[in-house]
file structure-v6.csv (CSV, N, CA and C atoms)
chain,number,residue,atom,x,y,z
A,1,MET,N,-7.1,18.6,-12.6
A,1,MET,CA,-7.5,17.8,-11.4
A,1,MET,C,-7.1,18.5,-10.2
A,2,SER,N,-8.0,18.5,-9.2
A,2,SER,CA,-7.6,19.2,-7.9
A,2,SER,C,-6.6,18.5,-7.2
A,3,LYS,N,-5.9,19.2,-6.3
A,3,LYS,CA,-4.8,18.7,-5.5
A,3,LYS,C,-5.4,17.6,-4.5
A,4,GLU,N,-6.6,17.8,-4.0
A,4,GLU,CA,-7.2,16.8,-3.1
A,4,GLU,C,-8.3,16.1,-3.8
A,5,LEU,N,-8.1,14.8,-3.9
A,5,LEU,CA,-9.1,14.0,-4.6
A,5,LEU,C,-10.1,13.4,-3.6
A,6,THR,N,-10.9,12.5,-4.1
A,6,THR,CA,-11.9,11.9,-3.3
A,6,THR,C,-11.3,11.2,-2.0
A,7,ASP,N,-12.1,11.1,-1.0
A,7,ASP,CA,-11.7,10.5,0.3
A,7,ASP,C,-10.6,11.3,1.0
A,8,GLY,N,-10.4,12.6,0.5
A,8,GLY,CA,-9.4,13.4,1.2
A,8,GLY,C,-7.9,13.1,1.0
A,9,PHE,N,-7.6,12.2,0.0
A,9,PHE,CA,-6.2,11.9,-0.3
A,9,PHE,C,-5.7,12.9,-1.4
A,10,THR,N,-4.5,13.4,-1.2
A,10,THR,CA,-3.9,14.2,-2.3
A,10,THR,C,-3.4,13.2,-3.4
A,11,ARG,N,-3.0,13.8,-4.5
A,11,ARG,CA,-2.5,13.0,-5.6
A,11,ARG,C,-1.2,12.3,-5.1
A,12,ALA,N,-0.3,13.1,-4.4
A,12,ALA,CA,0.9,12.5,-3.9
A,12,ALA,C,0.7,11.3,-3.0
A,13,GLN,N,-0.3,11.4,-2.2
A,13,GLN,CA,-0.6,10.3,-1.3
A,13,GLN,C,-1.1,9.1,-2.0
A,14,ILE,N,-2.0,9.4,-3.0
A,14,ILE,CA,-2.5,8.3,-3.9
A,14,ILE,C,-1.4,7.6,-4.6
A,15,GLU,N,-0.5,8.3,-5.2
A,15,GLU,CA,0.7,7.7,-5.9
A,15,GLU,C,1.6,7.0,-4.9
A,16,ALA,N,1.7,7.5,-3.7
A,16,ALA,CA,2.5,6.8,-2.7
A,16,ALA,C,1.9,5.5,-2.3
A,17,PHE,N,0.6,5.5,-2.0
A,17,PHE,CA,-0.2,4.3,-1.7
A,17,PHE,C,0.0,3.3,-2.8
A,18,ALA,N,-0.3,3.7,-4.0
A,18,ALA,CA,-0.3,2.8,-5.2
A,18,ALA,C,1.1,2.2,-5.4
A,19,GLY,N,2.1,3.1,-5.4
A,19,GLY,CA,3.5,2.7,-5.6
A,19,GLY,C,3.9,1.7,-4.5
A,20,GLY,N,3.5,2.0,-3.2
A,20,GLY,CA,3.9,1.1,-2.1
A,20,GLY,C,3.2,-0.3,-2.2
A,21,PHE,N,1.9,-0.2,-2.6
A,21,PHE,CA,1.1,-1.5,-2.7
A,21,PHE,C,1.8,-2.3,-3.8
A,22,TYR,N,2.1,-1.7,-4.9
A,22,TYR,CA,2.7,-2.4,-6.1
A,22,TYR,C,4.0,-3.0,-5.7
A,23,TYR,N,4.8,-2.2,-5.0
A,23,TYR,CA,6.1,-2.7,-4.5
A,23,TYR,C,6.0,-3.9,-3.7
A,24,VAL,N,5.1,-3.9,-2.7
A,24,VAL,CA,5.0,-5.0,-1.8
A,24,VAL,C,4.4,-6.3,-2.6
A,25,ALA,N,3.4,-6.0,-3.3
A,25,ALA,CA,2.8,-7.2,-4.1
A,25,ALA,C,3.7,-7.7,-5.1
A,26,ASN,N,4.5,-6.9,-5.7
A,26,ASN,CA,5.3,-7.4,-6.8
A,26,ASN,C,6.7,-7.9,-6.4
A,27,CYS,N,7.0,-7.8,-5.1
A,27,CYS,CA,8.4,-8.3,-4.7
A,27,CYS,C,8.6,-9.7,-5.0
A,28,ASP,N,7.6,-10.5,-5.2
A,28,ASP,CA,7.7,-11.9,-5.6
A,28,ASP,C,6.9,-12.3,-6.8
A,29,GLY,N,6.5,-11.3,-7.5
A,29,GLY,CA,5.6,-11.5,-8.7
A,29,GLY,C,4.2,-11.2,-8.3
A,30,ILE,N,3.6,-10.3,-8.9
A,30,ILE,CA,2.3,-9.8,-8.5
A,30,ILE,C,1.2,-10.8,-9.0
A,31,ALA,N,0.3,-11.2,-8.1
A,31,ALA,CA,-0.8,-12.0,-8.4
A,31,ALA,C,-2.0,-11.2,-9.0
A,32,GLU,N,-2.8,-11.8,-9.8
A,32,GLU,CA,-3.9,-11.1,-10.5
A,32,GLU,C,-4.8,-10.5,-9.5
A,33,ARG,N,-5.1,-11.2,-8.4
A,33,ARG,CA,-6.0,-10.7,-7.3
A,33,ARG,C,-5.4,-9.4,-6.7
A,34,GLU,N,-4.1,-9.4,-6.4
A,34,GLU,CA,-3.4,-8.2,-5.9
A,34,GLU,C,-3.6,-7.0,-6.8
A,35,LEU,N,-3.3,-7.3,-8.1
A,35,LEU,CA,-3.4,-6.2,-9.1
A,35,LEU,C,-4.8,-5.7,-9.2
A,36,THR,N,-5.8,-6.5,-9.1
A,36,THR,CA,-7.2,-6.1,-9.2
A,36,THR,C,-7.5,-5.2,-8.0
A,37,ILE,N,-7.0,-5.5,-6.8
A,37,ILE,CA,-7.3,-4.7,-5.6
A,37,ILE,C,-6.7,-3.3,-5.8
A,38,ILE,N,-5.4,-3.3,-6.3
A,38,ILE,CA,-4.8,-2.0,-6.5
A,38,ILE,C,-5.6,-1.2,-7.5
A,39,HIS,N,-6.0,-1.8,-8.6
A,39,HIS,CA,-6.8,-1.1,-9.6
A,39,HIS,C,-8.1,-0.5,-9.0
A,40,HIS,N,-8.7,-1.3,-8.2
A,40,HIS,CA,-10.0,-0.9,-7.5
A,40,HIS,C,-9.7,0.3,-6.6
A,41,PHE,N,-8.6,0.3,-5.9
A,41,PHE,CA,-8.3,1.4,-5.0
A,41,PHE,C,-8.1,2.7,-5.9
A,42,LEU,N,-7.4,2.6,-7.0
A,42,LEU,CA,-7.1,3.7,-7.8
A,42,LEU,C,-8.4,4.3,-8.4
A,43,GLU,N,-9.3,3.4,-8.9
A,43,GLU,CA,-10.6,3.8,-9.4
A,43,GLU,C,-11.4,4.5,-8.4
A,44,ARG,N,-11.4,3.9,-7.2
A,44,ARG,CA,-12.2,4.5,-6.0
A,44,ARG,C,-11.8,5.9,-5.6
A,45,VAL,N,-10.5,6.2,-5.7
A,45,VAL,CA,-10.0,7.5,-5.3
A,45,VAL,C,-9.8,8.4,-6.5
A,46,GLY,N,-10.4,8.1,-7.6
A,46,GLY,CA,-10.4,9.0,-8.8
A,46,GLY,C,-9.1,9.1,-9.5
A,47,ALA,N,-8.3,8.0,-9.4
A,47,ALA,CA,-6.9,8.1,-10.1
A,47,ALA,C,-6.8,6.9,-11.1
A,48,SER,N,-7.9,6.6,-11.8
A,48,SER,CA,-7.9,5.5,-12.7
A,48,SER,C,-6.8,5.7,-13.8
A,49,ASP,N,-6.4,6.9,-14.0
A,49,ASP,CA,-5.3,7.1,-15.0
A,49,ASP,C,-4.0,6.4,-14.7
A,50,LEU,N,-3.9,6.0,-13.4
A,50,LEU,CA,-2.6,5.3,-12.9
A,50,LEU,C,-2.7,3.8,-13.1
A,51,VAL,N,-3.9,3.3,-13.4
A,51,VAL,CA,-4.0,1.8,-13.5
A,51,VAL,C,-3.0,1.2,-14.4
A,52,GLY,N,-2.8,1.8,-15.6
A,52,GLY,CA,-1.9,1.2,-16.6
A,52,GLY,C,-0.5,1.6,-16.4
A,53,LYS,N,-0.2,2.4,-15.4
A,53,LYS,CA,1.1,2.9,-15.1
A,53,LYS,C,1.8,2.5,-13.8
A,54,LEU,N,1.2,1.5,-13.2
A,54,LEU,CA,1.7,1.1,-11.9
A,54,LEU,C,3.2,0.7,-11.9
A,55,ALA,N,3.5,-0.1,-12.9
A,55,ALA,CA,4.9,-0.6,-13.0
A,55,ALA,C,5.9,0.6,-13.2
A,56,GLU,N,5.4,1.7,-13.7
A,56,GLU,CA,6.2,2.8,-14.0
A,56,GLU,C,6.3,3.8,-12.9
A,57,LEU,N,5.4,3.7,-11.9
A,57,LEU,CA,5.4,4.7,-10.8
A,57,LEU,C,6.7,4.6,-10.0
A,58,PRO,N,7.4,5.7,-9.8
A,58,PRO,CA,8.6,5.7,-9.0
A,58,PRO,C,8.2,5.4,-7.6
A,59,PHE,N,9.0,4.5,-6.9
A,59,PHE,CA,8.7,4.2,-5.5
A,59,PHE,C,10.0,4.3,-4.7
A,60,ASP,N,9.9,5.1,-3.7
A,60,ASP,CA,11.0,5.2,-2.7
A,60,ASP,C,10.4,5.1,-1.3
A,61,PRO,N,10.8,4.2,-0.5
A,61,PRO,CA,10.2,4.1,0.8
A,61,PRO,C,10.3,5.4,1.6
A,62,ASN,N,11.4,6.2,1.5
A,62,ASN,CA,11.4,7.5,2.2
A,62,ASN,C,10.4,8.5,1.6
A,63,GLY,N,10.1,8.4,0.3
A,63,GLY,CA,9.1,9.2,-0.3
A,63,GLY,C,7.7,8.8,0.2
A,64,LEU,N,7.5,7.5,0.5
A,64,LEU,CA,6.3,7.1,1.0
A,64,LEU,C,6.1,7.7,2.4
A,65,ALA,N,7.1,7.7,3.2
A,65,ALA,CA,7.0,8.3,4.5
A,65,ALA,C,6.7,9.8,4.4
A,66,ALA,N,7.4,10.5,3.5
A,66,ALA,CA,7.1,11.9,3.3
A,66,ALA,C,5.7,12.2,2.9
A,67,ALA,N,5.2,11.4,2.0
A,67,ALA,CA,3.8,11.6,1.5
A,67,ALA,C,2.7,11.3,2.5
A,68,LEU,N,3.1,10.4,3.5
A,68,LEU,CA,2.1,10.0,4.5
A,68,LEU,C,2.6,10.5,5.8
A,69,PRO,N,2.3,11.8,6.1
A,69,PRO,CA,3.0,12.4,7.3
A,69,PRO,C,2.4,12.1,8.7
A,70,THR,N,1.3,11.4,8.7
A,70,THR,CA,0.7,11.1,10.0
A,70,THR,C,0.8,9.6,10.3
A,71,ASP,N,0.8,9.3,11.6
A,71,ASP,CA,0.8,7.9,12.0
A,71,ASP,C,-0.5,7.2,11.5
A,72,TRP,N,-1.6,7.9,11.5
A,72,TRP,CA,-2.8,7.3,11.0
A,72,TRP,C,-2.7,6.9,9.5
A,73,LEU,N,-2.2,7.8,8.7
A,73,LEU,CA,-2.1,7.4,7.2
A,73,LEU,C,-1.1,6.3,7.0
A,74,ARG,N,0.0,6.3,7.8
A,74,ARG,CA,1.0,5.3,7.7
A,74,ARG,C,0.5,3.9,8.1
A,75,GLY,N,-0.3,4.0,9.2
A,75,GLY,CA,-0.9,2.7,9.7
A,75,GLY,C,-2.0,2.2,8.7
A,76,LEU,N,-2.7,3.1,8.1
A,76,LEU,CA,-3.7,2.7,7.1
A,76,LEU,C,-3.0,2.1,5.9
A,77,PHE,N,-1.9,2.7,5.5
A,77,PHE,CA,-1.2,2.1,4.4
A,77,PHE,C,-0.7,0.7,4.7
A,78,MET,N,-0.1,0.5,5.9
A,78,MET,CA,0.4,-0.8,6.3
A,78,MET,C,-0.7,-1.8,6.5
A,79,ARG,N,-1.8,-1.5,7.1
A,79,ARG,CA,-2.9,-2.4,7.2
A,79,ARG,C,-3.4,-2.9,5.9
A,80,VAL,N,-3.6,-2.0,4.9
A,80,VAL,CA,-4.1,-2.4,3.6
A,80,VAL,C,-3.0,-3.2,2.9
A,81,ALA,N,-1.8,-2.8,3.0
A,81,ALA,CA,-0.7,-3.6,2.4
A,81,ALA,C,-0.7,-5.0,2.9
A,82,ILE,N,-0.8,-5.2,4.2
A,82,ILE,CA,-0.9,-6.5,4.7
A,82,ILE,C,-2.0,-7.3,4.1
A,83,LEU,N,-3.2,-6.7,4.1
A,83,LEU,CA,-4.4,-7.4,3.5
A,83,LEU,C,-4.2,-7.7,2.1
A,84,LEU,N,-3.6,-6.8,1.4
A,84,LEU,CA,-3.3,-6.9,-0.1
A,84,LEU,C,-2.5,-8.2,-0.3
A,85,VAL,N,-1.4,-8.3,0.4
A,85,VAL,CA,-0.6,-9.5,0.1
A,85,VAL,C,-1.2,-10.8,0.6
A,86,LYS,N,-2.1,-10.7,1.5
A,86,LYS,CA,-2.9,-11.9,2.0
A,86,LYS,C,-4.0,-12.3,1.0
A,87,ALA,N,-4.3,-11.4,0.1
A,87,ALA,CA,-5.5,-11.6,-0.8
A,87,ALA,C,-5.3,-12.8,-1.7
A,88,ASP,N,-4.1,-13.2,-2.0
A,88,ASP,CA,-3.9,-14.4,-2.9
A,88,ASP,C,-3.7,-15.7,-2.1
A,89,GLY,N,-4.0,-15.6,-0.8
A,89,GLY,CA,-4.0,-16.8,0.0
A,89,GLY,C,-2.7,-17.1,0.7
A,90,GLN,N,-1.7,-16.4,0.5
A,90,GLN,CA,-0.4,-16.6,1.2
A,90,GLN,C,0.4,-15.3,1.2
A,91,VAL,N,1.2,-15.2,2.3
A,91,VAL,CA,2.2,-14.1,2.4
A,91,VAL,C,3.5,-14.8,2.3
A,92,THR,N,4.3,-14.5,1.3
A,92,THR,CA,5.6,-15.1,1.0
A,92,THR,C,6.6,-14.4,2.0
A,93,GLN,N,7.7,-15.0,2.1
A,93,GLN,CA,8.8,-14.5,2.9
A,93,GLN,C,9.3,-13.1,2.3
A,94,ASN,N,9.3,-13.0,1.0
A,94,ASN,CA,9.7,-11.7,0.4
A,94,ASN,C,8.7,-10.6,0.7
A,95,GLU,N,7.4,-11.0,0.6
A,95,GLU,CA,6.4,-10.0,1.0
A,95,GLU,C,6.5,-9.6,2.4
A,96,ARG,N,6.7,-10.5,3.3
A,96,ARG,CA,6.8,-10.2,4.7
A,96,ARG,C,8.0,-9.3,5.0
A,97,GLU,N,9.1,-9.6,4.4
A,97,GLU,CA,10.3,-8.8,4.6
A,97,GLU,C,10.1,-7.4,4.1
A,98,ALA,N,9.4,-7.3,2.9
A,98,ALA,CA,9.1,-5.9,2.4
A,98,ALA,C,8.2,-5.2,3.3
A,99,LEU,N,7.2,-5.8,3.9
A,99,LEU,CA,6.3,-5.2,4.8
A,99,LEU,C,7.0,-4.7,6.1
A,100,VAL,N,7.8,-5.6,6.6
A,100,VAL,CA,8.6,-5.3,7.9
A,100,VAL,C,9.5,-4.1,7.6
A,101,TYR,N,10.2,-4.1,6.4
A,101,TYR,CA,11.1,-3.0,6.1
A,101,TYR,C,10.3,-1.7,6.0
A,102,LEU,N,9.1,-1.7,5.3
A,102,LEU,CA,8.4,-0.5,5.2
A,102,LEU,C,7.9,0.0,6.5
A,103,ALA,N,7.5,-0.9,7.4
A,103,ALA,CA,7.0,-0.5,8.7
A,103,ALA,C,8.1,0.2,9.5
A,104,ARG,N,9.4,-0.3,9.3
A,104,ARG,CA,10.5,0.4,9.9
A,104,ARG,C,10.8,1.8,9.4
A,105,VAL,N,10.7,1.9,8.0
A,105,VAL,CA,10.9,3.2,7.4
A,105,VAL,C,9.9,4.2,7.8
A,106,LEU,N,8.6,3.7,7.9
A,106,LEU,CA,7.5,4.6,8.3
A,106,LEU,C,7.5,4.9,9.8
A,107,LYS,N,8.3,4.3,10.6
A,107,LYS,CA,8.5,4.6,12.0
A,107,LYS,C,7.1,4.6,12.7
A,108,LEU,N,6.4,3.5,12.5
A,108,LEU,CA,5.1,3.4,13.1
A,108,LEU,C,5.2,3.3,14.6
A,109,THR,N,4.2,3.8,15.3
A,109,THR,CA,4.2,3.6,16.8
A,109,THR,C,3.8,2.2,17.1
A,110,MET,N,3.0,1.5,16.3
A,110,MET,CA,2.5,0.2,16.5
A,110,MET,C,3.5,-0.8,15.8
A,111,LYS,N,3.9,-1.8,16.5
A,111,LYS,CA,4.9,-2.8,16.0
A,111,LYS,C,4.2,-3.6,14.8
A,112,PHE,N,5.0,-4.1,13.9
A,112,PHE,CA,4.5,-4.8,12.8
A,112,PHE,C,3.6,-6.0,13.2
A,113,ASP,N,4.0,-6.8,14.2
A,113,ASP,CA,3.2,-7.9,14.6
A,113,ASP,C,1.9,-7.5,15.1
A,114,GLN,N,1.8,-6.3,15.7
A,114,GLN,CA,0.5,-5.8,16.2
A,114,GLN,C,-0.3,-5.4,15.0
A,115,LEU,N,0.3,-4.8,14.0
A,115,LEU,CA,-0.5,-4.4,12.8
A,115,LEU,C,-1.0,-5.6,12.1
A,116,GLU,N,-0.2,-6.6,12.0
A,116,GLU,CA,-0.6,-7.9,11.4
A,116,GLU,C,-1.8,-8.5,12.1
A,117,ALA,N,-1.7,-8.5,13.4
A,117,ALA,CA,-2.8,-9.1,14.3
A,117,ALA,C,-4.0,-8.3,14.2
A,118,SER,N,-3.9,-7.0,14.0
A,118,SER,CA,-5.1,-6.1,13.9
A,118,SER,C,-5.9,-6.3,12.7
A,119,VAL,N,-5.4,-7.0,11.6
A,119,VAL,CA,-6.1,-7.3,10.4
A,119,VAL,C,-6.2,-8.8,10.2
A,120,ALA,N,-5.9,-9.6,11.1
A,120,ALA,CA,-5.9,-11.0,11.0
A,120,ALA,C,-7.2,-11.6,10.5
A,121,HIS,N,-8.3,-11.0,10.9
A,121,HIS,CA,-9.6,-11.6,10.5
A,121,HIS,C,-10.3,-10.7,9.4
A,122,GLU,N,-9.6,-9.8,8.8
A,122,GLU,CA,-10.1,-8.9,7.8
A,122,GLU,C,-9.8,-9.5,6.4
A,123,LYS,N,-10.5,-9.1,5.4
A,123,LYS,CA,-10.3,-9.5,4.0
A,123,LYS,C,-10.6,-8.3,3.1
A,124,LEU,N,-9.9,-8.3,2.0
A,124,LEU,CA,-10.2,-7.3,0.9
A,124,LEU,C,-11.1,-8.0,-0.2
call {"tool": "encode", "arguments": {"input": "structure-v6.csv", "output": "structure tokens"}}
result
Amino acid sequence: MSKELTDGFTRAQIEAFAGGFYYVANCDGIAERELTIIHHFLERVGASDLVGKLAELPFDPNGLAAALPTDWLRGLFMRVAILLVKADGQVTQNEREALVYLARVLKLTMKFDQLEASVAHEKL
């Protein structure tokens, strides 16, 4: 498998996205809709081999930051993560705390509330 997969993501970036999405969605028990969205992402970027291994993917917030070196990639991750946890119809306190924590670790130029507002009318 090549280092760069479809849509220009590297394998390390795909694993970081998937691990981060799973971390946020699973912090209060993952909903079937959230899991389906993560699976669809993995299939779309050519990493369907990770679908059955999500719970086993190592996840480290600092590793997420290292794998996503640009503000654009980090912002993309956060926007999709916000939409992901909204997909089941509610954002729990645990999910919100996990998202705010990751936004801090990623040192985004945009504040979390601004990120959340930027996707307020979007859906996955």
call {"tool": "atom_distance", "arguments": {"input": "structure-v6.csv", "atom1": "atom C of Leu68 (chain A)", "atom2": "CA of Ala25 (chain A)"}}
result
20.3 Å
call {"tool": "closest_residue", "arguments": {"input": "structure-v6.csv", "among": "A:Ala16, A:Val51, A:Val119, A:Ala31", "to": "Asp88 (chain A)", "atoms": "all atoms listed in the file"}}
result
A:Ala31
call {"tool": "residues_around", "arguments": {"input": "structure-v6.csv", "residues": "Leu54 (chain A)", "least_positions_apart": "6", "cutoff": "7 Å", "atoms": "only N, CA and C atoms", "output": "MDAnalysis selection string"}}
result
chainID A and resid 18:19 22
call {"tool": "write_last_selection", "arguments": {"input": "structure-v6.csv", "atoms": "N, CA and C atoms", "output": "tab-separated table (two decimals), keeping the file's coordinate frame"}}
result
chain	number	residue	atom	x	y	z
A	18	ALA	N	-0.30	3.70	-4.00
A	18	ALA	CA	-0.30	2.80	-5.20
A	18	ALA	C	1.10	2.20	-5.40
A	19	GLY	N	2.10	3.10	-5.40
A	19	GLY	CA	3.50	2.70	-5.60
A	19	GLY	C	3.90	1.70	-4.50
A	22	TYR	N	2.10	-1.70	-4.90
A	22	TYR	CA	2.70	-2.40	-6.10
A	22	TYR	C	4.00	-3.00	-5.70
call {"tool": "residues_around", "arguments": {"input": "structure-v6.csv", "residues": "Cys27 (chain A)", "least_positions_apart": "3", "cutoff": "7 Å", "atoms": "only N, CA and C atoms", "output": "count of residues only"}}
result
6
call {"tool": "closest_residue", "arguments": {"input": "structure-v6.csv", "among": "A:Glu34, A:Glu116, A:Asp28, A:Asp60", "to": "Gly89 (chain A)", "atoms": "only C-alpha atoms"}}
result
A:Glu34
call {"tool": "decode", "arguments": {"input": "structure-v6.csv", "residues": "region 18-111 of chain A", "atoms": "C-alpha atoms", "output": "mmCIF file, in the first residue's frame"}}
result
data_model
loop_
_atom_site.group_PDB
_atom_site.id
_atom_site.type_symbol
_atom_site.label_atom_id
_atom_site.label_comp_id
_atom_site.auth_asym_id
_atom_site.auth_seq_id
_atom_site.Cartn_x
_atom_site.Cartn_y
_atom_site.Cartn_z
ATOM 1 C CA ALA A 18 -9.931 7.223 12.853
ATOM 2 C CA GLY A 19 -8.403 6.852 16.308
ATOM 3 C CA GLY A 20 -9.459 10.364 17.259
ATOM 4 C CA PHE A 21 -12.976 9.911 15.934
ATOM 5 C CA TYR A 22 -13.313 6.645 17.846
ATOM 6 C CA TYR A 23 -11.918 8.217 21.017
ATOM 7 C CA VAL A 24 -14.432 11.068 20.950
ATOM 8 C CA ALA A 25 -17.420 8.941 19.954
ATOM 9 C CA ASN A 26 -16.622 6.195 22.446
ATOM 10 C CA CYS A 27 -15.966 8.391 25.485
ATOM 11 C CA ASP A 28 -19.560 7.755 26.568
ATOM 12 C CA GLY A 29 -20.279 4.598 24.602
ATOM 13 C CA ILE A 30 -20.273 4.650 20.830
ATOM 14 C CA ALA A 31 -23.603 4.862 19.011
ATOM 15 C CA GLU A 32 -24.214 2.727 15.939
ATOM 16 C CA ARG A 33 -24.612 5.838 13.752
ATOM 17 C CA GLU A 34 -21.228 7.176 14.916
ATOM 18 C CA LEU A 35 -19.563 3.843 14.192
ATOM 19 C CA THR A 36 -21.144 3.700 10.734
ATOM 20 C CA ILE A 37 -19.774 7.156 9.900
ATOM 21 C CA ILE A 38 -16.257 6.183 10.971
ATOM 22 C CA HIS A 39 -16.493 2.997 8.895
ATOM 23 C CA HIS A 40 -17.635 5.004 5.881
ATOM 24 C CA PHE A 41 -14.686 7.376 6.298
ATOM 25 C CA LEU A 42 -12.245 4.447 6.413
ATOM 26 C CA GLU A 43 -13.769 2.839 3.336
ATOM 27 C CA ARG A 44 -13.731 6.171 1.472
ATOM 28 C CA VAL A 45 -10.021 6.739 2.099
ATOM 29 C CA GLY A 46 -9.027 3.189 1.210
ATOM 30 C CA ALA A 47 -8.401 1.924 4.732
ATOM 31 C CA SER A 48 -11.254 -0.538 5.137
ATOM 32 C CA ASP A 49 -8.776 -2.921 6.777
ATOM 33 C CA LEU A 50 -9.078 -0.721 9.891
ATOM 34 C CA VAL A 51 -12.864 -1.071 10.184
ATOM 35 C CA GLY A 52 -12.673 -4.089 12.476
ATOM 36 C CA LYS A 53 -9.687 -2.739 14.390
ATOM 37 C CA LEU A 54 -10.954 0.627 15.610
ATOM 38 C CA ALA A 55 -11.043 -0.347 19.280
ATOM 39 C CA GLU A 56 -7.459 -1.600 18.997
ATOM 40 C CA LEU A 57 -6.018 1.499 17.325
ATOM 41 C CA PRO A 58 -3.621 3.238 19.667
ATOM 42 C CA PHE A 59 -4.712 6.798 20.302
ATOM 43 C CA ASP A 60 -2.659 9.561 21.813
ATOM 44 C CA PRO A 61 -3.783 13.197 21.516
ATOM 45 C CA ASN A 62 -0.173 14.325 21.077
ATOM 46 C CA GLY A 63 0.220 11.725 18.329
ATOM 47 C CA LEU A 64 -2.882 13.185 16.676
ATOM 48 C CA ALA A 65 -1.247 16.607 16.700
ATOM 49 C CA ALA A 66 1.969 15.179 15.238
ATOM 50 C CA ALA A 67 0.112 13.320 12.464
ATOM 51 C CA LEU A 68 -1.895 16.427 11.525
ATOM 52 C CA PRO A 69 0.803 19.076 11.125
ATOM 53 C CA THR A 70 -1.268 21.883 9.610
ATOM 54 C CA ASP A 71 -3.998 24.047 11.065
ATOM 55 C CA TRP A 72 -6.161 23.057 8.086
ATOM 56 C CA LEU A 73 -5.890 19.311 8.828
ATOM 57 C CA ARG A 74 -6.448 19.890 12.528
ATOM 58 C CA GLY A 75 -9.482 22.065 11.836
ATOM 59 C CA LEU A 76 -10.853 19.465 9.429
ATOM 60 C CA PHE A 77 -10.462 16.778 12.079
ATOM 61 C CA MET A 78 -12.240 18.891 14.698
ATOM 62 C CA ARG A 79 -15.123 19.871 12.408
ATOM 63 C CA VAL A 80 -15.775 16.262 11.432
ATOM 64 C CA ALA A 81 -15.400 15.096 15.049
ATOM 65 C CA ILE A 82 -18.017 17.643 16.131
ATOM 66 C CA LEU A 83 -20.384 16.499 13.386
ATOM 67 C CA LEU A 84 -19.694 12.872 14.272
ATOM 68 C CA VAL A 85 -20.793 13.204 17.878
ATOM 69 C CA LYS A 86 -23.847 15.215 16.809
ATOM 70 C CA ALA A 87 -24.896 12.407 14.444
ATOM 71 C CA ASP A 88 -26.752 10.493 17.131
ATOM 72 C CA GLY A 89 -28.834 13.548 17.979
ATOM 73 C CA GLN A 90 -27.017 14.697 21.097
ATOM 74 C CA VAL A 91 -23.609 15.820 22.298
ATOM 75 C CA THR A 92 -23.012 14.528 25.801
ATOM 76 C CA GLN A 93 -20.942 16.334 28.399
ATOM 77 C CA ASN A 94 -18.219 13.675 28.061
ATOM 78 C CA GLU A 95 -18.092 14.147 24.289
ATOM 79 C CA ARG A 96 -17.943 17.916 24.627
ATOM 80 C CA GLU A 97 -15.130 17.702 27.184
ATOM 81 C CA ALA A 98 -13.193 15.332 24.918
ATOM 82 C CA LEU A 99 -13.638 17.691 21.955
ATOM 83 C CA VAL A 100 -12.536 20.751 23.945
ATOM 84 C CA TYR A 101 -9.523 18.829 25.240
ATOM 85 C CA LEU A 102 -8.483 17.766 21.725
ATOM 86 C CA ALA A 103 -8.933 21.311 20.424
ATOM 87 C CA ARG A 104 -6.528 22.507 23.142
ATOM 88 C CA VAL A 105 -3.979 19.787 22.361
ATOM 89 C CA LEU A 106 -4.182 20.611 18.648
ATOM 90 C CA LYS A 107 -3.557 24.307 19.403
ATOM 91 C CA LEU A 108 -6.026 25.465 16.785
ATOM 92 C CA THR A 109 -6.095 29.104 15.816
ATOM 93 C CA MET A 110 -9.906 28.997 15.871
ATOM 94 C CA LYS A 111 -11.569 28.697 19.281
#
